[in-house]
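K.L.:
Once you've had a glance at the structure underneath, I'll fire off some questions.
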Amino acid sequence: MDFLDLRPNWELRRCCNHNQVIFLISTAVCIFVILVLWRTVLMTPFKLITVFLHEMSHALACLLTCGKVEGIKVHADEGGVTQTRGGVYWLILPAGYLGSSFWGMVLTLASTKELTTQIAAGCFVVALIVVLFLAKNWTLRGLCLGFLFFFGVIWYLQVTTVFRIQREVILFTGVMNSLFSVYDIYDDLISRRINSSDAEKFAEECPCCTGCGWGVIWGILSFVYLCGAVYLALVVLANQP
């Protein structure tokens, strides 16, 4: 194989090969299913897992800025709260919305290869176990236990049967997370202006912009993450046989 063929195809020349077409179709199917089932109970666990990643991002930002996480809650009404002490507050606040969008991008990219899919699933399981011990309510504990069981079933099917759907599950979770993050930002920060939202609190820390303004900025960044995930996935798949 020519070494030049291994260089990233940033211009996406000769797009699209078989793998790229399959990825685009799979992503489109995920978006279609999510939009059709958006207000059904079937989507509730995946909406709550997005809230889980939102709160986990707050917790990570707190820990990375030398703070302490005292507890995490996810509520059945798709709300959540992370109790922190210390850390850099103006970094912790935006980490929730932007962090969940970022994880959506990571999961979408991870679904492009079998190895990265397995690594992503493994990291997801570890995060669920860690948060299980930090959980302060039974909704979050039940969510963690439910998805641990879910990933266990997926792993069992992956190893013992011909039903290899781990990549599709990771892709679906990534796309769902990206879409819900953008929707959540619009619903919480732009259309309704919740006074206790992260953006309103961030506006108090950084008054150069209103809470709604920060919501618009975060929403644009979340949408860029989603588009970036699709573009980078196509780049990764460009050189796959």
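If you're wondering about the labels, chains in the structure tokens are A, B, ... by order shown, residues count from 1 in each chain, ligands from 1 in order shown.
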Set the distance at 10 Å and use only C-alpha atoms: which residues neighbour range 39-46 of chain A once local chain neighbours fewer than 3 positions away are removed? I'd like the list as a list in words.
P.N.:
Val33, Ile34, Leu35, Val36, Ile49, Thr50, Val51, Phe52, Ala76, Asp77, Glu78, Leu143, Gly146, Phe147, Phe172, Thr173, Gly174, Met176, Asn177 and Phe180 of chain A
K.L.:
Could you pull the residues within 12 Å of Gly104 in chain A, counting only C-alpha atoms, minus those fewer than 5 positions along the same chain, as a ChimeraX atom specification?
P.N.:
/A:46,49-51,53-54,57,97-99,109-111,120,124,170-182,222-230
K.L.:
Just the selected residues (N, CA, C and O atoms), exported as a short mmCIF file (atom, residue, chain, number, x, y, z; two decimals), in the first residue's frame, please.
P.N.:
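Full text of result-v1.cif as output:
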data_model
loop_
_atom_site.label_atom_id
_atom_site.label_comp_id
_atom_site.auth_asym_id
_atom_site.auth_seq_id
_atom_site.Cartn_x
_atom_site.Cartn_y
_atom_site.Cartn_z
N PHE A 46 -32.48 6.88 26.71
CA PHE A 46 -31.39 7.53 25.98
C PHE A 46 -31.35 9.03 26.27
O PHE A 46 -30.27 9.64 26.26
N ILE A 49 -29.64 9.17 29.57
CA ILE A 49 -28.20 8.91 29.48
C ILE A 49 -27.47 10.16 29.00
O ILE A 49 -26.31 10.40 29.34
N THR A 50 -28.17 11.00 28.21
CA THR A 50 -27.60 12.29 27.82
C THR A 50 -27.48 13.21 29.02
O THR A 50 -26.47 13.90 29.20
N VAL A 51 -28.51 13.20 29.87
CA VAL A 51 -28.45 13.97 31.12
C VAL A 51 -27.31 13.44 32.00
O VAL A 51 -26.59 14.22 32.63
N LEU A 53 -24.50 12.09 30.96
CA LEU A 53 -23.23 12.59 30.43
C LEU A 53 -23.08 14.09 30.69
O LEU A 53 -21.95 14.56 30.88
N HIS A 54 -24.19 14.81 30.69
CA HIS A 54 -24.18 16.24 31.04
C HIS A 54 -23.64 16.43 32.46
O HIS A 54 -22.72 17.22 32.70
N SER A 57 -20.02 15.46 32.92
CA SER A 57 -19.11 16.48 32.41
C SER A 57 -18.88 17.58 33.44
O SER A 57 -17.76 18.08 33.59
N TYR A 97 -23.41 21.25 29.16
CA TYR A 97 -23.97 21.24 27.81
C TYR A 97 -22.89 20.95 26.76
O TYR A 97 -23.09 20.12 25.87
N LEU A 98 -21.76 21.63 26.87
CA LEU A 98 -20.70 21.42 25.88
C LEU A 98 -20.06 20.04 26.03
O LEU A 98 -19.67 19.42 25.05
N GLY A 99 -20.00 19.56 27.27
CA GLY A 99 -19.41 18.24 27.51
C GLY A 99 -20.26 17.13 26.93
O GLY A 99 -19.74 16.20 26.29
N LEU A 109 -17.65 9.18 16.51
CA LEU A 109 -16.36 8.86 15.89
C LEU A 109 -15.90 7.45 16.26
O LEU A 109 -15.35 6.72 15.43
N ALA A 110 -16.13 7.06 17.51
CA ALA A 110 -15.70 5.74 17.96
C ALA A 110 -16.39 4.62 17.20
O ALA A 110 -15.83 3.53 17.05
N SER A 111 -17.58 4.89 16.70
CA SER A 111 -18.35 3.84 16.00
C SER A 111 -17.79 3.51 14.62
O SER A 111 -18.27 2.58 13.97
N ALA A 120 -14.77 2.49 23.49
CA ALA A 120 -15.82 3.41 23.91
C ALA A 120 -16.83 2.71 24.81
O ALA A 120 -17.24 3.26 25.85
N PHE A 124 -17.50 3.60 28.69
CA PHE A 124 -18.87 3.92 29.10
C PHE A 124 -19.25 3.10 30.33
O PHE A 124 -19.83 3.61 31.28
N ILE A 170 -23.43 2.18 19.80
CA ILE A 170 -22.56 3.32 20.13
C ILE A 170 -22.87 4.50 19.21
O ILE A 170 -22.94 5.65 19.67
N LEU A 171 -23.08 4.24 17.92
CA LEU A 171 -23.42 5.31 16.99
C LEU A 171 -24.76 5.95 17.37
O LEU A 171 -24.87 7.18 17.41
N PHE A 172 -25.75 5.12 17.66
CA PHE A 172 -27.08 5.63 18.04
C PHE A 172 -26.97 6.50 19.29
O PHE A 172 -27.56 7.58 19.36
N THR A 173 -26.21 6.03 20.28
CA THR A 173 -26.05 6.79 21.52
C THR A 173 -25.35 8.11 21.26
O THR A 173 -25.72 9.15 21.83
N GLY A 174 -24.33 8.09 20.38
CA GLY A 174 -23.62 9.31 20.05
C GLY A 174 -24.50 10.32 19.33
O GLY A 174 -24.52 11.51 19.68
N VAL A 175 -25.26 9.86 18.33
CA VAL A 175 -26.15 10.76 17.59
C VAL A 175 -27.25 11.29 18.50
O VAL A 175 -27.58 12.48 18.46
N MET A 176 -27.82 10.42 19.32
CA MET A 176 -28.86 10.83 20.25
C MET A 176 -28.33 11.89 21.20
O MET A 176 -29.00 12.91 21.48
N ASN A 177 -27.13 11.69 21.69
CA ASN A 177 -26.55 12.62 22.64
C ASN A 177 -26.32 13.99 21.99
O ASN A 177 -26.59 15.03 22.59
N SER A 178 -25.84 13.98 20.75
CA SER A 178 -25.60 15.23 20.04
C SER A 178 -26.90 15.98 19.78
O SER A 178 -27.01 17.19 20.02
N LEU A 179 -27.92 15.28 19.29
CA LEU A 179 -29.20 15.91 18.99
C LEU A 179 -29.88 16.44 20.25
O LEU A 179 -30.39 17.56 20.29
N PHE A 180 -29.87 15.62 21.31
CA PHE A 180 -30.55 16.02 22.54
C PHE A 180 -29.84 17.19 23.20
O PHE A 180 -30.48 18.04 23.81
N SER A 181 -28.52 17.25 23.06
CA SER A 181 -27.78 18.37 23.64
C SER A 181 -28.19 19.68 22.99
O SER A 181 -28.42 20.68 23.67
N VAL A 182 -28.29 19.69 21.65
CA VAL A 182 -28.71 20.89 20.94
C VAL A 182 -30.14 21.27 21.33
O VAL A 182 -30.45 22.43 21.62
N SER A 222 -22.47 23.27 20.01
CA SER A 222 -22.96 21.89 20.04
C SER A 222 -23.29 21.40 18.63
O SER A 222 -23.01 20.25 18.28
N PHE A 223 -23.89 22.27 17.81
CA PHE A 223 -24.20 21.90 16.43
C PHE A 223 -22.91 21.70 15.63
O PHE A 223 -22.84 20.80 14.79
N VAL A 224 -21.91 22.52 15.91
CA VAL A 224 -20.60 22.36 15.24
C VAL A 224 -19.99 21.01 15.63
O VAL A 224 -19.40 20.32 14.78
N TYR A 225 -20.11 20.62 16.90
CA TYR A 225 -19.63 19.30 17.32
C TYR A 225 -20.30 18.20 16.51
O TYR A 225 -19.64 17.24 16.06
N LEU A 226 -21.62 18.31 16.32
CA LEU A 226 -22.36 17.29 15.59
C LEU A 226 -21.88 17.21 14.14
O LEU A 226 -21.61 16.12 13.62
N CYS A 227 -21.77 18.36 13.48
CA CYS A 227 -21.30 18.38 12.09
C CYS A 227 -19.84 17.91 12.01
O CYS A 227 -19.47 17.18 11.08
N GLY A 228 -19.05 18.32 12.99
CA GLY A 228 -17.65 17.91 13.02
C GLY A 228 -17.50 16.41 13.18
O GLY A 228 -16.59 15.80 12.59
N ALA A 229 -18.38 15.80 13.98
CA ALA A 229 -18.32 14.35 14.18
C ALA A 229 -18.56 13.61 12.87
O ALA A 229 -17.86 12.65 12.54
N VAL A 230 -19.55 14.08 12.09
CA VAL A 230 -19.85 13.43 10.80
C VAL A 230 -18.68 13.62 9.84
O VAL A 230 -18.25 12.66 9.18
#
K.L.:
What lies within 10 Å of Leu148 in chain A using only C-alpha atoms, ignoring chain neighbours under 6 positions off, as a PyMOL selection string?
P.N.:
chain A and resi 124-126+128-129+142+154
K.L.:
Those selected residues, please, written with C-alpha atoms and delivered as a PDB file, in the first residue's frame.
P.N.:
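Saved the output as part.pdb:
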ATOM      1  CA  PHE A 124     -18.874   3.916  29.095  1.00  0.00           C
ATOM      2  CA  VAL A 125     -19.218   0.925  31.427  1.00  0.00           C
ATOM      3  CA  VAL A 126     -16.458   2.253  33.705  1.00  0.00           C
ATOM      4  CA  LEU A 128     -21.486   4.034  34.723  1.00  0.00           C
ATOM      5  CA  ILE A 129     -19.860   2.073  37.559  1.00  0.00           C
ATOM      6  CA  GLY A 142     -31.466   2.584  38.149  1.00  0.00           C
ATOM      7  CA  ILE A 154     -24.827  -6.330  23.803  1.00  0.00           C
TER       8      ILE A 154
END
K.L.:
Run DSSP on the backbone and give me the residues of range 6-216 of chain A it puts in alpha helix (DSSP H), as a ChimeraX atom specification.
P.N.:
/A:18-36,44-64,89-110,114-134,138-160,166-185,198-205,211-216
K.L.:
Would you mind telling me which residue in A:Glu205, A:Ala233, A:His58, A:Gly96 lies nearest to Trp10 in chain A when using only C-alpha atoms?
P.N.:
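Of A:Glu205, A:Ala233, A:His58, A:Gly96, the one nearest Trp10 in chain A is A:Ala233, counting only C-alpha atoms.
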K.L.:
Need to verify the contact set: Val131 in chain A, 9 Å, only C-alpha atoms, exclusion of same-chain residues closer than 2 positions in sequence. Can you return it as a PyMOL selection string?
P.N.:
chain A and resi 52+56+71-72+126-129+133-135+140-141+144
K.L.:
Using all heavy atoms, can you write the selected residues to a file as an mmCIF file, in the first residue's frame?
P.N.:
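Okay, this is what ended up in again39.cif:
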data_model
loop_
_atom_site.group_PDB
_atom_site.id
_atom_site.type_symbol
_atom_site.label_atom_id
_atom_site.label_comp_id
_atom_site.auth_asym_id
_atom_site.auth_seq_id
_atom_site.Cartn_x
_atom_site.Cartn_y
_atom_site.Cartn_z
ATOM 1 N N PHE A 52 -27.152 12.121 32.018
ATOM 2 C CA PHE A 52 -26.053 11.487 32.758
ATOM 3 C C PHE A 52 -24.700 12.028 32.287
ATOM 4 O O PHE A 52 -23.841 12.402 33.090
ATOM 5 C CB PHE A 52 -26.138 9.967 32.558
ATOM 6 C CG PHE A 52 -24.873 9.219 32.853
ATOM 7 C CD1 PHE A 52 -24.562 8.830 34.148
ATOM 8 C CD2 PHE A 52 -23.984 8.884 31.836
ATOM 9 C CE1 PHE A 52 -23.397 8.128 34.431
ATOM 10 C CE2 PHE A 52 -22.821 8.180 32.106
ATOM 11 C CZ PHE A 52 -22.523 7.802 33.404
ATOM 12 N N MET A 56 -22.051 14.221 34.303
ATOM 13 C CA MET A 56 -20.700 13.672 34.420
ATOM 14 C C MET A 56 -19.663 14.678 33.935
ATOM 15 O O MET A 56 -18.556 14.766 34.486
ATOM 16 C CB MET A 56 -20.586 12.371 33.619
ATOM 17 C CG MET A 56 -19.283 11.614 33.859
ATOM 18 S SD MET A 56 -19.108 10.161 32.808
ATOM 19 C CE MET A 56 -18.727 10.938 31.229
ATOM 20 N N GLY A 71 -21.847 14.671 44.916
ATOM 21 C CA GLY A 71 -22.972 13.831 44.531
ATOM 22 C C GLY A 71 -23.517 14.217 43.181
ATOM 23 O O GLY A 71 -23.325 15.341 42.702
ATOM 24 N N ILE A 72 -24.203 13.274 42.542
ATOM 25 C CA ILE A 72 -24.824 13.504 41.237
ATOM 26 C C ILE A 72 -26.240 12.947 41.267
ATOM 27 O O ILE A 72 -26.482 11.865 41.800
ATOM 28 C CB ILE A 72 -24.018 12.809 40.102
ATOM 29 C CG1 ILE A 72 -22.585 13.345 40.046
ATOM 30 C CG2 ILE A 72 -24.702 13.008 38.754
ATOM 31 C CD1 ILE A 72 -21.707 12.617 39.045
ATOM 32 N N VAL A 126 -17.217 1.765 32.551
ATOM 33 C CA VAL A 126 -16.458 2.253 33.705
ATOM 34 C C VAL A 126 -17.105 3.517 34.278
ATOM 35 O O VAL A 126 -17.248 3.662 35.500
ATOM 36 C CB VAL A 126 -14.991 2.531 33.310
ATOM 37 C CG1 VAL A 126 -14.252 3.251 34.445
ATOM 38 C CG2 VAL A 126 -14.277 1.224 32.974
ATOM 39 N N ALA A 127 -17.511 4.445 33.393
ATOM 40 C CA ALA A 127 -18.160 5.678 33.841
ATOM 41 C C ALA A 127 -19.463 5.378 34.577
ATOM 42 O O ALA A 127 -19.769 5.993 35.610
ATOM 43 C CB ALA A 127 -18.431 6.587 32.645
ATOM 44 N N LEU A 128 -20.230 4.414 34.065
ATOM 45 C CA LEU A 128 -21.486 4.034 34.723
ATOM 46 C C LEU A 128 -21.233 3.470 36.124
ATOM 47 O O LEU A 128 -21.967 3.768 37.067
ATOM 48 C CB LEU A 128 -22.229 3.002 33.870
ATOM 49 C CG LEU A 128 -22.864 3.520 32.573
ATOM 50 C CD1 LEU A 128 -23.282 2.352 31.685
ATOM 51 C CD2 LEU A 128 -24.061 4.412 32.874
ATOM 52 N N ILE A 129 -20.187 2.665 36.260
ATOM 53 C CA ILE A 129 -19.860 2.073 37.559
ATOM 54 C C ILE A 129 -19.424 3.149 38.551
ATOM 55 O O ILE A 129 -19.843 3.164 39.712
ATOM 56 C CB ILE A 129 -18.764 0.996 37.404
ATOM 57 C CG1 ILE A 129 -19.307 -0.193 36.603
ATOM 58 C CG2 ILE A 129 -18.264 0.530 38.766
ATOM 59 C CD1 ILE A 129 -18.262 -1.230 36.254
ATOM 60 N N PHE A 133 -21.681 4.863 42.205
ATOM 61 C CA PHE A 133 -21.299 5.064 43.605
ATOM 62 C C PHE A 133 -21.419 6.529 44.037
ATOM 63 O O PHE A 133 -21.437 6.828 45.228
ATOM 64 C CB PHE A 133 -19.865 4.577 43.831
ATOM 65 C CG PHE A 133 -19.733 3.076 43.779
ATOM 66 C CD1 PHE A 133 -19.310 2.448 42.620
ATOM 67 C CD2 PHE A 133 -20.056 2.291 44.869
ATOM 68 C CE1 PHE A 133 -19.196 1.060 42.561
ATOM 69 C CE2 PHE A 133 -19.948 0.912 44.828
ATOM 70 C CZ PHE A 133 -19.522 0.289 43.662
ATOM 71 N N LEU A 134 -21.508 7.445 43.043
ATOM 72 C CA LEU A 134 -21.685 8.861 43.364
ATOM 73 C C LEU A 134 -23.153 9.275 43.335
ATOM 74 O O LEU A 134 -23.499 10.372 43.759
ATOM 75 C CB LEU A 134 -20.900 9.726 42.366
ATOM 76 C CG LEU A 134 -19.373 9.649 42.432
ATOM 77 C CD1 LEU A 134 -18.762 10.410 41.254
ATOM 78 C CD2 LEU A 134 -18.846 10.203 43.750
ATOM 79 N N ALA A 135 -24.007 8.387 42.822
ATOM 80 C CA ALA A 135 -25.420 8.713 42.636
ATOM 81 C C ALA A 135 -26.097 8.994 43.978
ATOM 82 O O ALA A 135 -25.879 8.286 44.964
ATOM 83 C CB ALA A 135 -26.130 7.573 41.924
ATOM 84 N N LEU A 140 -30.985 7.753 39.061
ATOM 85 C CA LEU A 140 -29.642 7.629 38.482
ATOM 86 C C LEU A 140 -29.073 6.242 38.734
ATOM 87 O O LEU A 140 -28.447 5.656 37.849
ATOM 88 C CB LEU A 140 -28.720 8.704 39.065
ATOM 89 C CG LEU A 140 -27.273 8.695 38.532
ATOM 90 C CD1 LEU A 140 -27.248 8.737 37.007
ATOM 91 C CD2 LEU A 140 -26.487 9.856 39.119
ATOM 92 N N ARG A 141 -29.277 5.705 39.931
ATOM 93 C CA ARG A 141 -28.788 4.341 40.199
ATOM 94 C C ARG A 141 -29.440 3.337 39.247
ATOM 95 O O ARG A 141 -28.774 2.454 38.704
ATOM 96 C CB ARG A 141 -29.081 3.965 41.654
ATOM 97 C CG ARG A 141 -28.321 4.791 42.679
ATOM 98 C CD ARG A 141 -28.518 4.243 44.081
ATOM 99 N NE ARG A 141 -27.950 5.112 45.092
ATOM 100 C CZ ARG A 141 -28.652 5.927 45.874
ATOM 101 N NH1 ARG A 141 -29.974 5.957 45.762
ATOM 102 N NH2 ARG A 141 -28.052 6.693 46.757
ATOM 103 N N CYS A 144 -27.959 3.717 35.731
ATOM 104 C CA CYS A 144 -26.637 3.093 35.646
ATOM 105 C C CYS A 144 -26.750 1.569 35.569
ATOM 106 O O CYS A 144 -26.123 0.923 34.725
ATOM 107 C CB CYS A 144 -25.776 3.502 36.840
ATOM 108 S SG CYS A 144 -25.276 5.240 36.848
#
K.L.:
Taking the backbone alone, and naming residues the way the document does, which bits of range 21-153 of chain A are strand (DSSP E or B) by DSSP, as a PDB file with N, CA and C atoms, in the first residue's frame?
P.N.:
ATOM      1  N   LYS A  68     -14.143  19.101  44.354  1.00  0.00           N
ATOM      2  CA  LYS A  68     -14.623  17.831  44.874  1.00  0.00           C
ATOM      3  C   LYS A  68     -16.085  17.638  44.486  1.00  0.00           C
ATOM      4  N   VAL A  69     -16.389  16.437  43.989  1.00  0.00           N
ATOM      5  CA  VAL A  69     -17.763  16.090  43.622  1.00  0.00           C
ATOM      6  C   VAL A  69     -18.421  15.411  44.811  1.00  0.00           C
ATOM      7  N   GLU A  70     -19.496  16.002  45.304  1.00  0.00           N
ATOM      8  CA  GLU A  70     -20.169  15.469  46.485  1.00  0.00           C
ATOM      9  C   GLU A  70     -21.363  14.597  46.146  1.00  0.00           C
ATOM     10  N   GLY A  71     -21.847  14.671  44.916  1.00  0.00           N
ATOM     11  CA  GLY A  71     -22.972  13.831  44.531  1.00  0.00           C
ATOM     12  C   GLY A  71     -23.517  14.217  43.181  1.00  0.00           C
ATOM     13  N   ILE A  72     -24.203  13.274  42.542  1.00  0.00           N
ATOM     14  CA  ILE A  72     -24.824  13.504  41.237  1.00  0.00           C
ATOM     15  C   ILE A  72     -26.240  12.947  41.267  1.00  0.00           C
ATOM     16  N   LYS A  73     -27.171  13.705  40.669  1.00  0.00           N
ATOM     17  CA  LYS A  73     -28.554  13.244  40.557  1.00  0.00           C
ATOM     18  C   LYS A  73     -29.032  13.404  39.117  1.00  0.00           C
ATOM     19  N   VAL A  74     -29.810  12.423  38.654  1.00  0.00           N
ATOM     20  CA  VAL A  74     -30.529  12.520  37.389  1.00  0.00           C
ATOM     21  C   VAL A  74     -31.993  12.233  37.708  1.00  0.00           C
ATOM     22  N   GLY A  80     -31.301  17.254  36.075  1.00  0.00           N
ATOM     23  CA  GLY A  80     -30.204  16.675  36.845  1.00  0.00           C
ATOM     24  C   GLY A  80     -29.450  17.749  37.601  1.00  0.00           C
ATOM     25  N   VAL A  81     -28.623  17.331  38.541  1.00  0.00           N
ATOM     26  CA  VAL A  81     -27.816  18.268  39.313  1.00  0.00           C
ATOM     27  C   VAL A  81     -26.539  17.569  39.758  1.00  0.00           C
ATOM     28  N   THR A  82     -25.449  18.319  39.745  1.00  0.00           N
ATOM     29  CA  THR A  82     -24.171  17.821  40.252  1.00  0.00           C
ATOM     30  C   THR A  82     -23.742  18.713  41.403  1.00  0.00           C
ATOM     31  N   GLN A  83     -23.547  18.128  42.558  1.00  0.00           N
ATOM     32  CA  GLN A  83     -23.149  18.880  43.741  1.00  0.00           C
ATOM     33  C   GLN A  83     -21.626  18.895  43.818  1.00  0.00           C
ATOM     34  N   THR A  84     -21.057  20.086  43.737  1.00  0.00           N
ATOM     35  CA  THR A  84     -19.600  20.221  43.745  1.00  0.00           C
ATOM     36  C   THR A  84     -19.159  21.195  44.831  1.00  0.00           C
ATOM     37  N   ARG A  85     -17.882  21.100  45.164  1.00  0.00           N
ATOM     38  CA  ARG A  85     -17.287  22.037  46.117  1.00  0.00           C
ATOM     39  C   ARG A  85     -15.906  22.403  45.601  1.00  0.00           C
ATOM     40  N   ALA A 135     -24.007   8.387  42.822  1.00  0.00           N
ATOM     41  CA  ALA A 135     -25.420   8.713  42.636  1.00  0.00           C
ATOM     42  C   ALA A 135     -26.097   8.994  43.978  1.00  0.00           C
TER      43      ALA A 135
END
K.L.:
Find the spatial neighbours of Ile185 in chain A, counting only C-alpha atoms, within a cut-off of 8 Å - ignore same-chain residues fewer than 5 positions away - and output them as a VMD selection string.
P.N.:
chain A and resid 97 190 215 to 216 218 to 219
K.L.:
Please measure the separation of CA of Cys15 in chain A and CA of Leu234 in chain A, giving the value in Å to one decimal.
P.N.:
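CA of Leu234 in chain A lies 8.4 Å from CA of Cys15 in chain A.
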K.L.:
Which neighbours of Asn17 in chain A fall inside 12 Å, counting only C-alpha atoms, when residues of the same chain fewer than 6 positions from it are skipped, and could you give them as a PyMOL selection string?
P.N.:
chain A and resi 23-24+234-241
K.L.:
Using only C-alpha atoms, please write the residues we just selected to a file, as a CSV table (one decimal), in the first residue's frame.
P.N.:
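Okay, part37.csv is ready:
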chain,number,residue,atom,x,y,z
A,23,PHE,CA,-22.0,5.4,7.9
A,24,LEU,CA,-24.1,8.1,6.3
A,234,LEU,CA,-15.9,10.4,6.9
A,235,VAL,CA,-12.2,11.3,7.0
A,236,VAL,CA,-11.5,8.3,9.2
A,237,LEU,CA,-13.5,6.0,6.9
A,238,ALA,CA,-11.9,7.4,3.7
A,239,ASN,CA,-8.9,5.1,3.9
A,240,GLN,CA,-10.7,2.0,5.1
A,241,PRO,CA,-10.9,-0.8,2.6
